[in-house]
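Asker: What follows is a single structure, and I will ask about it in a moment.
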Amino acid sequence: MVPALLERESESAALAAALGEARRSGRAIVVVGESGIGKTRLVRSVVERCDMPVLWGACDPLTTPRPLGPLRDIARGRDDELAAALAGGGREELLAALLATLDAPPSVLVVEDVHWIDAATLDVLALLGRRIAAQRGALVLTGWPEALGPRADVRRVLAAFPRDALAIIEPAPLSQAAVERLAAAHGRDGTKVYASAGGNPFFVAEALAAGPDEAVPTTVAAAVAARHAGLPDAARAVLDVVSVVPGPTALTLLEGIAPGAADGLDACLQAEVLVARGEQAVAFRHELACQANARALGLGQRRELEARVLAALERAGDADPARLVHHALGAGDDAAVRRHAPVAARAAAAHAAHRDALAHWEAALAAGCGAPALEGVATEAYLCGHAERAVAARREQLAAAEAGGDPAVVGHGLRALSRALWWSGRSDEAVVAGDRAIAVLGALPPGRELAAALSGRAQLAMLAEDVDHAIALGERAAAMAAELGDEETLVHARTNVGTALTLSDPGDRGPAMLRDAHARAAAAGLDDHAGRAIVNLASSTADARGADPDVTERLDDALAFCRARRLDGYTRYVHGVRAGVRIARGDLDGAQADVDAALAFGEALNGVSAWPDVIARGRLLTLRGEPAAAERALTAVWDRAQQAMELQRLVPIASARAERAWVEDDPDGVARAVRVVHEQSRGAAVRRREGELALWLRRAGAALSGGDADAVPAGVPEPYALALVGDDLGAAAAWRALGCELEAAWALCDAGTEAALREALEVFDAIGATAPAARVRRRLRAQGVRRIPRGPRAAARADPDGLTARQREVLELLAAGATNAEIAQRLVISEKTVDHHVSAVLGKLGAANRREAADLVRAAAAQDGESLPMSGDAVAT
């Protein structure tokens, strides 16, 4: 066997140090490495000596995991606040119980195998991790590298942990010298063992256990098979059962499936193929061995074993429904899937684990569960942002309804399809479906379906900023819903009216209505409606009132609510909106963090929730000197926005494309970007839309002339009105009063005097907007100005190459030879984001490739701290 701490001195010391610090200030510790690398041995060897209470939980490799499975295992047999919170408390009660358990006395919570974690547990750990630094105790997570890579949800959670309270420990493979020492102790050729097994401790142990006279196995499966071959038949029968049970196998379950298994179990334990987990369960010594044994089973044998496990769990009557679904799927038992998947789906949804709920409903649908499963798929796909799947499910529902001929059911299907179509960006189709729903249901006596259809159509009118129509339809729907006692439709309708009022009326009537709708929906457990109300309160305020001082707080509140309920589509949307606000205020790094957080949701969330962050990403690329990438991003979303034909989508994209053209000294491109949308924006309810586009046209010299007061659209916000009559310095001051530093800098550029351009340059340099800064320097040079500043001295001292703190981290890892995947894992960001950072770093350094960048870093270090020359326009100046 491989010694537990062979070549683990540094990792053990790091873990022990972090646990020691956790006695005074909380720590989150992530131990990451491939399967078999020794994560569990490392953690157990250190925490067992730390003299702190330890809570152990593990995630199971179920087809779809159990909600809160690891935490329920921890609480089993306990009679305390934690057990009570798991039994009947909500998310906040569970979080409070975990914090109290960790803090007094300082304790350690270990959750193993987070690559299999369920959404509900991940959500609780996200809340716990963000608060860990403010108390005592340690949260220790173990997982495969995938937990920091393709598992975007896990990566998002880890990225949100406080950096000063987070430790990431990566056990390295054993060296060849270590493997050769182990092999020599077993009388084996260490060179051959290392060539076959590499440095993976588990694989090395299995290869050595194969026996001195046998060839070294070339795969884990071969090593495991060699080790199991010498066991008696009864022992191998036990192994087969245990290999199809995710996680530890209870002895009572084993006896129920394989009566008389005691002798075989003893042989497995004596051979150390299985190990005890407490007094009531056993498990394979390592998950790799379990997987290898399971893969060796034939399909028929595996299905028969899964069916026996399922039958035993059903007889016991207390199994988690997700576990029952797992075994029903493994057994190919559609009837059992139909029995258990809906129960598991509803349990997952109750914990806001909408992705897990969707997986269960998909399983139920595939097993023939029919209409209930299709409704579940449509609802949960919408709630977790899978727009196209939601549309497909709603179309299928509508087709079935039309075949059945019931007008009420058809009307419901049209209304639901309308909402899904809008979410996927097809507003014109959504309006058609919404109008058809009202027509079908209007022929029936007034009822909930008609009220809901009216409210749905009011929503589309609000989104199109047809304010009067939205308010009329919404108030009619709200009155009908109130009379019917339909709280869901009532809050939906009031959200539509409140949003329309917020967009068009500067008073508090609209925001007050949205706050009320949110509170009522949250109290009724209507997560989607509550999320929509609070998101609309934040985003419509940002749209209609620009830099309203309350916008940031409202966006933060909306983000916290949607994260807590795992409303991924809304969460991504708010990140995008907040990124736009941060760009206006000159916080480009903060905006980049929001864009990164939004992009981490992946390509699956491709509805309108993705558009604000794509726009913000395009603007950041423009401002940081990557116009071609910016144009690609903005063109893609522009093509989709033209389907939606909503000004709230079209105007920000048109403006972002105009900004890109302006930075490139392309006035014709500015005019092309905004002219067609400008015509649509005339008289828009949100007055800043027409003002914003008119200002870009003025900059392009294509429309309004300075000093022509009659050409200023009525009711546009003050900064636009001032700029459109030629008072650019007044506009800059007005923008500054609103906290919009970037917009103020644009206005100063419009003024065009040397003093104004110098002031704009200071802003661009301070916020890291390198491309506009380069354009201003070109204008100053064209005016014959000498001694143009290279940039703020403080910024130069902080980083002589103009790199952000994150870009400097990426450069250091790049210079050390790390791949993009390795950098992503180390910094807990996506590989795509690393691609963006590497591109920016190469551009700022003037390096043609990664090797040149690394050479520049080494050269700078050899100069004993002398700064590298800045690249681009700063050098030319």
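Here's how to read the names in the structure tokens: chain A, B, ... by the order shown, residue numbers from 1 in each chain, ligand numbers from 1 in the order shown.
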Could you pull out the strand (DSSP E or B) residues of range 197-317 of chain A, going by DSSP on the backbone, and write them as an NGL selection string?
Answerer: :A and (249-250 or 274-277 or 281-284)
Asker: Those selected residues, please, written with all heavy atoms and delivered as an mmCIF file, in the first residue's frame.
Answerer:
```
data_model
loop_
_atom_site.group_PDB
_atom_site.id
_atom_site.type_symbol
_atom_site.label_atom_id
_atom_site.label_comp_id
_atom_site.auth_asym_id
_atom_site.auth_seq_id
_atom_site.Cartn_x
_atom_site.Cartn_y
_atom_site.Cartn_z
ATOM 1 N N THR A 249 -22.350 1.723 1.015
ATOM 2 C CA THR A 249 -23.481 0.793 0.976
ATOM 3 C C THR A 249 -23.828 0.365 2.395
ATOM 4 O O THR A 249 -22.983 -0.190 3.106
ATOM 5 C CB THR A 249 -23.139 -0.450 0.134
ATOM 6 O OG1 THR A 249 -22.771 -0.031 -1.184
ATOM 7 C CG2 THR A 249 -24.326 -1.399 0.059
ATOM 8 N N ALA A 250 -25.060 0.635 2.820
ATOM 9 C CA ALA A 250 -25.492 0.231 4.161
ATOM 10 C C ALA A 250 -25.491 -1.292 4.263
ATOM 11 O O ALA A 250 -25.885 -1.989 3.327
ATOM 12 C CB ALA A 250 -26.883 0.778 4.449
ATOM 13 N N LEU A 274 -12.617 -3.577 0.177
ATOM 14 C CA LEU A 274 -13.636 -2.717 0.761
ATOM 15 C C LEU A 274 -13.145 -2.234 2.120
ATOM 16 O O LEU A 274 -12.323 -2.894 2.759
ATOM 17 C CB LEU A 274 -14.966 -3.458 0.936
ATOM 18 C CG LEU A 274 -15.690 -3.956 -0.313
ATOM 19 C CD1 LEU A 274 -17.003 -4.642 0.076
ATOM 20 C CD2 LEU A 274 -15.956 -2.813 -1.290
ATOM 21 N N VAL A 275 -13.650 -1.087 2.527
ATOM 22 C CA VAL A 275 -13.321 -0.549 3.847
ATOM 23 C C VAL A 275 -14.613 -0.175 4.547
ATOM 24 O O VAL A 275 -15.628 0.128 3.904
ATOM 25 C CB VAL A 275 -12.399 0.681 3.745
ATOM 26 C CG1 VAL A 275 -11.043 0.307 3.199
ATOM 27 C CG2 VAL A 275 -13.036 1.771 2.891
ATOM 28 N N ALA A 276 -14.582 -0.212 5.872
ATOM 29 C CA ALA A 276 -15.763 0.159 6.654
ATOM 30 C C ALA A 276 -15.951 1.655 6.639
ATOM 31 O O ALA A 276 -14.993 2.422 6.676
ATOM 32 C CB ALA A 276 -15.619 -0.342 8.089
ATOM 33 N N ARG A 277 -17.186 2.083 6.566
ATOM 34 C CA ARG A 277 -17.557 3.481 6.731
ATOM 35 C C ARG A 277 -18.450 3.561 7.968
ATOM 36 O O ARG A 277 -19.652 3.376 7.886
ATOM 37 C CB ARG A 277 -18.301 4.005 5.500
ATOM 38 C CG ARG A 277 -17.416 4.132 4.278
ATOM 39 C CD ARG A 277 -16.521 5.377 4.392
ATOM 40 N NE ARG A 277 -15.737 5.601 3.186
ATOM 41 C CZ ARG A 277 -14.467 5.287 3.043
ATOM 42 N NH1 ARG A 277 -13.824 4.677 4.041
ATOM 43 N NH2 ARG A 277 -13.809 5.546 1.929
ATOM 44 N N ALA A 281 -21.853 0.676 7.342
ATOM 45 C CA ALA A 281 -21.746 0.755 5.890
ATOM 46 C C ALA A 281 -20.335 0.394 5.446
ATOM 47 O O ALA A 281 -19.381 0.432 6.230
ATOM 48 C CB ALA A 281 -22.113 2.154 5.391
ATOM 49 N N VAL A 282 -20.209 0.027 4.181
ATOM 50 C CA VAL A 282 -18.916 -0.277 3.576
ATOM 51 C C VAL A 282 -18.838 0.430 2.227
ATOM 52 O O VAL A 282 -19.855 0.828 1.653
ATOM 53 C CB VAL A 282 -18.704 -1.790 3.372
ATOM 54 C CG1 VAL A 282 -18.633 -2.517 4.705
ATOM 55 C CG2 VAL A 282 -19.814 -2.370 2.482
ATOM 56 N N ALA A 283 -17.605 0.556 1.737
ATOM 57 C CA ALA A 283 -17.402 1.185 0.429
ATOM 58 C C ALA A 283 -16.100 0.669 -0.153
ATOM 59 O O ALA A 283 -15.250 0.120 0.556
ATOM 60 C CB ALA A 283 -17.353 2.707 0.561
ATOM 61 N N PHE A 284 -15.946 0.828 -1.466
ATOM 62 C CA PHE A 284 -14.654 0.526 -2.084
ATOM 63 C C PHE A 284 -13.596 1.454 -1.502
ATOM 64 O O PHE A 284 -13.882 2.594 -1.105
ATOM 65 C CB PHE A 284 -14.730 0.737 -3.603
ATOM 66 C CG PHE A 284 -15.254 -0.451 -4.350
ATOM 67 C CD1 PHE A 284 -16.623 -0.629 -4.526
ATOM 68 C CD2 PHE A 284 -14.384 -1.399 -4.865
ATOM 69 C CE1 PHE A 284 -17.114 -1.727 -5.207
ATOM 70 C CE2 PHE A 284 -14.856 -2.510 -5.553
ATOM 71 C CZ PHE A 284 -16.230 -2.676 -5.725
#
```
Asker: Residues within 9 Å of Arg303 in chain A, please, as a list in words. Count only C-alpha atoms; anything in the same chain fewer than 4 positions from it doesn't count.
Answerer: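 Near Arg303 in chain A, the qualifying residues are Gly298, Leu299, Ala307, Arg308, His327, Gly330, Ala331 and Gly332 of chain A.
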Asker: Pull all heavy atoms from the residues just selected and write them as a PDB file, in the first residue's frame.
Answerer:
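Resulting contents of again-v1.pdb:
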```pdb
ATOM      1  N   GLY A 298     -21.460  -7.008 -17.164  1.00  0.00           N
ATOM      2  CA  GLY A 298     -22.229  -7.016 -18.391  1.00  0.00           C
ATOM      3  C   GLY A 298     -23.514  -6.221 -18.220  1.00  0.00           C
ATOM      4  O   GLY A 298     -23.987  -6.007 -17.091  1.00  0.00           O
ATOM      5  N   LEU A 299     -24.105  -5.775 -19.340  1.00  0.00           N
ATOM      6  CA  LEU A 299     -25.323  -4.963 -19.266  1.00  0.00           C
ATOM      7  C   LEU A 299     -26.440  -5.700 -18.543  1.00  0.00           C
ATOM      8  O   LEU A 299     -27.101  -5.137 -17.658  1.00  0.00           O
ATOM      9  CB  LEU A 299     -25.778  -4.585 -20.680  1.00  0.00           C
ATOM     10  CG  LEU A 299     -27.091  -3.796 -20.760  1.00  0.00           C
ATOM     11  CD1 LEU A 299     -26.961  -2.475 -20.015  1.00  0.00           C
ATOM     12  CD2 LEU A 299     -27.471  -3.555 -22.225  1.00  0.00           C
ATOM     13  N   ALA A 307     -31.870  -3.526 -10.394  1.00  0.00           N
ATOM     14  CA  ALA A 307     -33.253  -3.837 -10.062  1.00  0.00           C
ATOM     15  C   ALA A 307     -33.360  -4.383  -8.640  1.00  0.00           C
ATOM     16  O   ALA A 307     -34.312  -4.068  -7.907  1.00  0.00           O
ATOM     17  CB  ALA A 307     -33.814  -4.852 -11.067  1.00  0.00           C
ATOM     18  N   ARG A 308     -32.397  -5.223  -8.233  1.00  0.00           N
ATOM     19  CA  ARG A 308     -32.428  -5.750  -6.858  1.00  0.00           C
ATOM     20  C   ARG A 308     -32.211  -4.641  -5.834  1.00  0.00           C
ATOM     21  O   ARG A 308     -32.867  -4.607  -4.786  1.00  0.00           O
ATOM     22  CB  ARG A 308     -31.370  -6.839  -6.718  1.00  0.00           C
ATOM     23  CG  ARG A 308     -31.763  -8.156  -7.404  1.00  0.00           C
ATOM     24  CD  ARG A 308     -30.579  -9.052  -7.653  1.00  0.00           C
ATOM     25  NE  ARG A 308     -29.849  -9.398  -6.426  1.00  0.00           N
ATOM     26  CZ  ARG A 308     -28.680 -10.021  -6.407  1.00  0.00           C
ATOM     27  NH1 ARG A 308     -28.095 -10.340  -7.568  1.00  0.00           N
ATOM     28  NH2 ARG A 308     -28.090 -10.316  -5.272  1.00  0.00           N
ATOM     29  N   HIS A 327     -31.407   4.263  -9.595  1.00  0.00           N
ATOM     30  CA  HIS A 327     -31.430   2.810  -9.776  1.00  0.00           C
ATOM     31  C   HIS A 327     -32.513   2.379 -10.768  1.00  0.00           C
ATOM     32  O   HIS A 327     -32.331   1.390 -11.488  1.00  0.00           O
ATOM     33  CB  HIS A 327     -31.609   2.123  -8.417  1.00  0.00           C
ATOM     34  CG  HIS A 327     -30.418   2.271  -7.526  1.00  0.00           C
ATOM     35  ND1 HIS A 327     -29.193   1.723  -7.828  1.00  0.00           N
ATOM     36  CD2 HIS A 327     -30.258   2.933  -6.343  1.00  0.00           C
ATOM     37  CE1 HIS A 327     -28.314   2.037  -6.874  1.00  0.00           C
ATOM     38  NE2 HIS A 327     -28.938   2.773  -5.970  1.00  0.00           N
ATOM     39  N   GLY A 330     -30.926   2.818 -14.038  1.00  0.00           N
ATOM     40  CA  GLY A 330     -29.938   1.763 -14.234  1.00  0.00           C
ATOM     41  C   GLY A 330     -30.566   0.429 -14.553  1.00  0.00           C
ATOM     42  O   GLY A 330     -29.998  -0.373 -15.315  1.00  0.00           O
ATOM     43  N   ALA A 331     -31.736   0.178 -13.975  1.00  0.00           N
ATOM     44  CA  ALA A 331     -32.433  -1.089 -14.213  1.00  0.00           C
ATOM     45  C   ALA A 331     -33.233  -1.070 -15.507  1.00  0.00           C
ATOM     46  O   ALA A 331     -33.762  -2.108 -15.921  1.00  0.00           O
ATOM     47  CB  ALA A 331     -33.360  -1.396 -13.039  1.00  0.00           C
ATOM     48  N   GLY A 332     -33.352   0.108 -16.139  1.00  0.00           N
ATOM     49  CA  GLY A 332     -34.184   0.213 -17.332  1.00  0.00           C
ATOM     50  C   GLY A 332     -35.649   0.018 -17.033  1.00  0.00           C
ATOM     51  O   GLY A 332     -36.415  -0.447 -17.889  1.00  0.00           O
TER      52      GLY A 332
END
```
Asker: Report the residues of range 42-146 of chain A whose backbone DSSP state falls under helix (DSSP H, G or I), written as JSON, numbers by chain.
Answerer: {"A": [42, 43, 44, 45, 46, 47, 69, 70, 71, 72, 73, 74, 75, 81, 82, 83, 84, 85, 86, 87, 88, 91, 92, 93, 94, 95, 96, 97, 98, 99, 100, 101, 102, 103, 114, 115, 116, 119, 120, 121, 122, 123, 124, 125, 126, 127, 128, 129, 130, 131, 132, 133, 134, 145, 146]}
Asker: So which residues touch range 257-268 of chain A within 7 Å, counting only C-alpha atoms, skipping near sequence neighbours fewer than 5 positions away, as a CSV table (one decimal) with C-alpha atoms, in the first residue's frame?
Answerer:
```csv
chain,number,residue,atom,x,y,z
A,234,ALA,CA,-19.0,-14.8,-2.5
A,235,ALA,CA,-16.7,-11.8,-2.1
A,238,VAL,CA,-20.5,-8.5,-2.7
A,273,VAL,CA,-10.7,-4.1,-1.2
A,274,LEU,CA,-13.6,-2.7,0.8
A,308,ARG,CA,-32.4,-5.8,-6.9
A,309,VAL,CA,-31.1,-2.6,-5.2
A,312,ALA,CA,-34.7,-3.4,-1.6
```
Asker: Pick from A:Ile583, A:Leu503, A:Ala205, A:Ala100: nearest to Arg688 in chain A, with only C-alpha atoms counted?
Answerer: A:Leu503
Asker: Calculated over only C-alpha atoms, which of the candidates A:Leu158, A:Ala700, A:Val110, A:Ala816 has the smallest distance to Gly57 in chain A?
Answerer: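 Counting only C-alpha atoms, the residue closest to Gly57 in chain A is A:Val110.
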Asker: Residues near range 357-368 of chain A, anyone? I mean within 9 Å using only C-alpha atoms, not counting same-chain ones fewer than 3 positions away, as a PDB file with C-alpha atoms, in the first residue's frame.
Answerer:
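Listed below is the output, part.pdb:
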```
ATOM      1  CA  THR A  63     -27.502  10.158 -12.261  1.00  0.00           C
ATOM      2  CA  THR A  64     -29.111  13.264 -10.755  1.00  0.00           C
ATOM      3  CA  ALA A 322     -33.220  10.813  -6.390  1.00  0.00           C
ATOM      4  CA  VAL A 325     -34.556   7.331  -9.837  1.00  0.00           C
ATOM      5  CA  LEU A 329     -32.744   4.261 -14.744  1.00  0.00           C
ATOM      6  CA  ASP A 333     -37.452   0.156 -15.357  1.00  0.00           C
ATOM      7  CA  ASP A 334     -39.651   2.838 -16.956  1.00  0.00           C
ATOM      8  CA  ALA A 335     -42.526   2.177 -14.594  1.00  0.00           C
ATOM      9  CA  ALA A 336     -40.281   2.865 -11.614  1.00  0.00           C
ATOM     10  CA  VAL A 337     -38.955   6.019 -13.277  1.00  0.00           C
ATOM     11  CA  ARG A 338     -42.551   7.190 -13.739  1.00  0.00           C
ATOM     12  CA  ARG A 339     -43.206   6.543 -10.041  1.00  0.00           C
ATOM     13  CA  HIS A 340     -40.147   8.234  -8.619  1.00  0.00           C
ATOM     14  CA  ALA A 341     -38.875  10.896 -11.059  1.00  0.00           C
ATOM     15  CA  PRO A 342     -41.781  13.331 -10.537  1.00  0.00           C
ATOM     16  CA  VAL A 343     -41.313  13.070  -6.764  1.00  0.00           C
ATOM     17  CA  ALA A 344     -37.580  13.693  -7.125  1.00  0.00           C
ATOM     18  CA  ALA A 345     -38.195  16.609  -9.504  1.00  0.00           C
ATOM     19  CA  ARG A 346     -40.585  18.327  -7.107  1.00  0.00           C
ATOM     20  CA  ALA A 347     -38.162  17.794  -4.228  1.00  0.00           C
ATOM     21  CA  ALA A 348     -35.334  19.359  -6.230  1.00  0.00           C
ATOM     22  CA  ALA A 349     -37.516  22.304  -7.263  1.00  0.00           C
ATOM     23  CA  ALA A 352     -34.477  25.759  -5.907  1.00  0.00           C
ATOM     24  CA  ALA A 353     -32.313  23.123  -7.645  1.00  0.00           C
ATOM     25  CA  HIS A 354     -33.946  23.781 -11.014  1.00  0.00           C
ATOM     26  CA  ALA A 371     -48.281  15.742 -19.940  1.00  0.00           C
ATOM     27  CA  PRO A 372     -47.169  16.300 -16.325  1.00  0.00           C
ATOM     28  CA  ALA A 373     -43.542  15.620 -17.242  1.00  0.00           C
ATOM     29  CA  LEU A 374     -43.742  17.876 -20.308  1.00  0.00           C
ATOM     30  CA  GLU A 375     -45.055  20.721 -18.137  1.00  0.00           C
ATOM     31  CA  GLY A 376     -42.238  20.075 -15.681  1.00  0.00           C
ATOM     32  CA  VAL A 377     -39.635  20.178 -18.449  1.00  0.00           C
ATOM     33  CA  ALA A 378     -41.036  23.421 -19.855  1.00  0.00           C
ATOM     34  CA  THR A 379     -41.213  25.130 -16.457  1.00  0.00           C
ATOM     35  CA  GLU A 380     -37.820  24.052 -15.166  1.00  0.00           C
ATOM     36  CA  ALA A 381     -36.054  24.675 -18.482  1.00  0.00           C
ATOM     37  CA  CYS A 384     -32.788  27.591 -15.273  1.00  0.00           C
TER      38      CYS A 384
END
```
Asker: Suppose you want the space between CA of Arg779 in chain A and CA of Arg585 in chain A; what is it in Å?
Answerer: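 Taking CA of Arg779 in chain A as the start and CA of Arg585 in chain A as the end point, the length is 23.8 Å.
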Asker: Figure out the distance between CA of Phe561 in chain A and CA of Ala133 in chain A, please, to one decimal in Å.
Answerer: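 Going from CA of Ala133 in chain A over to CA of Phe561 in chain A covers 21.4 Å.
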Asker: Select, from A:Asp80, A:Asp568, A:Asp428, A:Glu402, the residue with the minimum atom-to-atom distance to Ala610 in chain A, counting only C-alpha atoms.
Answerer: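 Using only C-alpha atoms, Ala610 in chain A sits closest to A:Asp568.
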Asker: What's the separation between CA of Pro65 in chain A and CA of Ile132 in chain A, in Å to one decimal place?
Answerer: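 About the pair CA of Pro65 in chain A and CA of Ile132 in chain A: they are 25.2 Å apart.
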Asker: Find the residue from A:Leu421, A:Val410, A:Leu559, A:Ala22 that sits nearest to Ala392 in chain A; use only C-alpha atoms when measuring.
Answerer: A:Leu421
Asker: With only C-alpha atoms as the basis for distance, which of A:Ala684, A:Ala28, A:Ala560, A:Val834 is at the shortest distance from Thr142 in chain A?
Answerer: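 Counting only C-alpha atoms, the residue closest to Thr142 in chain A is A:Ala28.
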Asker: I want to know what sits within 8 Å of Val204 in chain A, based on only C-alpha atoms, with residues of the same chain fewer than 4 positions away left out; could you give that as a ChimeraX atom specification?
Answerer: /A:2,179,193-194,197-200,208
Asker: Store the residues of this selection in a file with all heavy atoms, as a PDB file, in the first residue's frame.
Answerer:
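That gives us result-v2.pdb:
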```pdb
ATOM      1  N   VAL A   2       0.375   2.337  -0.622  1.00  0.00           N
ATOM      2  CA  VAL A   2       1.120   3.589  -0.659  1.00  0.00           C
ATOM      3  C   VAL A   2       0.940   4.309   0.658  1.00  0.00           C
ATOM      4  O   VAL A   2      -0.174   4.498   1.117  1.00  0.00           O
ATOM      5  CB  VAL A   2       0.606   4.486  -1.810  1.00  0.00           C
ATOM      6  CG1 VAL A   2       1.342   5.814  -1.818  1.00  0.00           C
ATOM      7  CG2 VAL A   2       0.760   3.780  -3.138  1.00  0.00           C
ATOM      8  N   VAL A 179       8.041   6.237  -6.682  1.00  0.00           N
ATOM      9  CA  VAL A 179       7.440   4.994  -7.180  1.00  0.00           C
ATOM     10  C   VAL A 179       8.484   3.881  -7.183  1.00  0.00           C
ATOM     11  O   VAL A 179       8.184   2.725  -6.838  1.00  0.00           O
ATOM     12  CB  VAL A 179       6.860   5.214  -8.592  1.00  0.00           C
ATOM     13  CG1 VAL A 179       6.378   3.878  -9.178  1.00  0.00           C
ATOM     14  CG2 VAL A 179       5.719   6.223  -8.551  1.00  0.00           C
ATOM     15  N   VAL A 193       6.833  -0.044 -13.370  1.00  0.00           N
ATOM     16  CA  VAL A 193       5.630   0.392 -12.661  1.00  0.00           C
ATOM     17  C   VAL A 193       5.340   1.860 -12.970  1.00  0.00           C
ATOM     18  O   VAL A 193       4.205   2.251 -13.253  1.00  0.00           O
ATOM     19  CB  VAL A 193       5.772   0.176 -11.143  1.00  0.00           C
ATOM     20  CG1 VAL A 193       4.587   0.787 -10.397  1.00  0.00           C
ATOM     21  CG2 VAL A 193       5.882  -1.302 -10.826  1.00  0.00           C
ATOM     22  N   TYR A 194       6.359   2.690 -12.934  1.00  0.00           N
ATOM     23  CA  TYR A 194       6.144   4.113 -13.190  1.00  0.00           C
ATOM     24  C   TYR A 194       5.735   4.343 -14.647  1.00  0.00           C
ATOM     25  O   TYR A 194       4.862   5.196 -14.929  1.00  0.00           O
ATOM     26  CB  TYR A 194       7.414   4.908 -12.882  1.00  0.00           C
ATOM     27  CG  TYR A 194       7.222   6.401 -13.007  1.00  0.00           C
ATOM     28  CD1 TYR A 194       6.603   7.118 -11.986  1.00  0.00           C
ATOM     29  CD2 TYR A 194       7.642   7.081 -14.146  1.00  0.00           C
ATOM     30  CE1 TYR A 194       6.409   8.482 -12.098  1.00  0.00           C
ATOM     31  CE2 TYR A 194       7.454   8.451 -14.269  1.00  0.00           C
ATOM     32  CZ  TYR A 194       6.832   9.150 -13.236  1.00  0.00           C
ATOM     33  OH  TYR A 194       6.635  10.500 -13.354  1.00  0.00           O
ATOM     34  N   ALA A 197       1.969   3.100 -14.509  1.00  0.00           N
ATOM     35  CA  ALA A 197       1.043   3.735 -13.570  1.00  0.00           C
ATOM     36  C   ALA A 197       1.251   5.228 -13.446  1.00  0.00           C
ATOM     37  O   ALA A 197       0.389   5.930 -12.900  1.00  0.00           O
ATOM     38  CB  ALA A 197       1.174   3.082 -12.195  1.00  0.00           C
ATOM     39  N   GLY A 198       2.378   5.746 -13.918  1.00  0.00           N
ATOM     40  CA  GLY A 198       2.662   7.156 -13.694  1.00  0.00           C
ATOM     41  C   GLY A 198       2.827   7.420 -12.211  1.00  0.00           C
ATOM     42  O   GLY A 198       3.303   6.575 -11.465  1.00  0.00           O
ATOM     43  N   GLY A 199       2.424   8.619 -11.772  1.00  0.00           N
ATOM     44  CA  GLY A 199       2.583   8.954 -10.368  1.00  0.00           C
ATOM     45  C   GLY A 199       1.291   8.963  -9.602  1.00  0.00           C
ATOM     46  O   GLY A 199       1.237   9.486  -8.479  1.00  0.00           O
ATOM     47  N   ASN A 200       0.209   8.413 -10.172  1.00  0.00           N
ATOM     48  CA  ASN A 200      -1.067   8.358  -9.457  1.00  0.00           C
ATOM     49  C   ASN A 200      -0.968   7.338  -8.329  1.00  0.00           C
ATOM     50  O   ASN A 200      -0.780   6.135  -8.581  1.00  0.00           O
ATOM     51  CB  ASN A 200      -2.184   7.976 -10.420  1.00  0.00           C
ATOM     52  CG  ASN A 200      -3.553   8.012  -9.770  1.00  0.00           C
ATOM     53  OD1 ASN A 200      -3.853   7.196  -8.894  1.00  0.00           O
ATOM     54  ND2 ASN A 200      -4.382   8.938 -10.206  1.00  0.00           N
ATOM     55  N   LEU A 208       1.013  -2.551  -7.858  1.00  0.00           N
ATOM     56  CA  LEU A 208       1.879  -3.322  -6.978  1.00  0.00           C
ATOM     57  C   LEU A 208       1.132  -4.486  -6.343  1.00  0.00           C
ATOM     58  O   LEU A 208       1.717  -5.539  -6.071  1.00  0.00           O
ATOM     59  CB  LEU A 208       2.466  -2.412  -5.891  1.00  0.00           C
ATOM     60  CG  LEU A 208       3.433  -1.330  -6.390  1.00  0.00           C
ATOM     61  CD1 LEU A 208       3.852  -0.442  -5.234  1.00  0.00           C
ATOM     62  CD2 LEU A 208       4.659  -1.971  -7.044  1.00  0.00           C
TER      63      LEU A 208
END
```
Asker: Under the rule that only C-alpha atoms are counted, which of A:Asp528, A:Ala579, A:Pro407, A:Gly586 is the nearest residue to Arg617 in chain A?
Answerer: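 Smallest separation from Arg617 in chain A among the options: A:Ala579.
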Asker: Contacts of Arg419 in chain A at 8 Å or less, counting only C-alpha atoms, minus same-chain residues fewer than 3 places along, as a list in words?
Answerer: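 After dropping sequence-adjacent residues, the list is Arg415, Ala416, Trp422, Trp423, Ala430 and Gly456 of chain A.
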Asker: Please identify all polymer residues within 9 Å of Arg675 in chain A, counting only C-alpha atoms, omitting same-chain residues fewer than 4 positions from it, and present them as a list in words.
Answerer: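 Near neighbours after the sequence-gap exclusion: Ala654, Val670, Ala671, Glu679, Leu693, Ala694, Leu697 and Ala702 of chain A.
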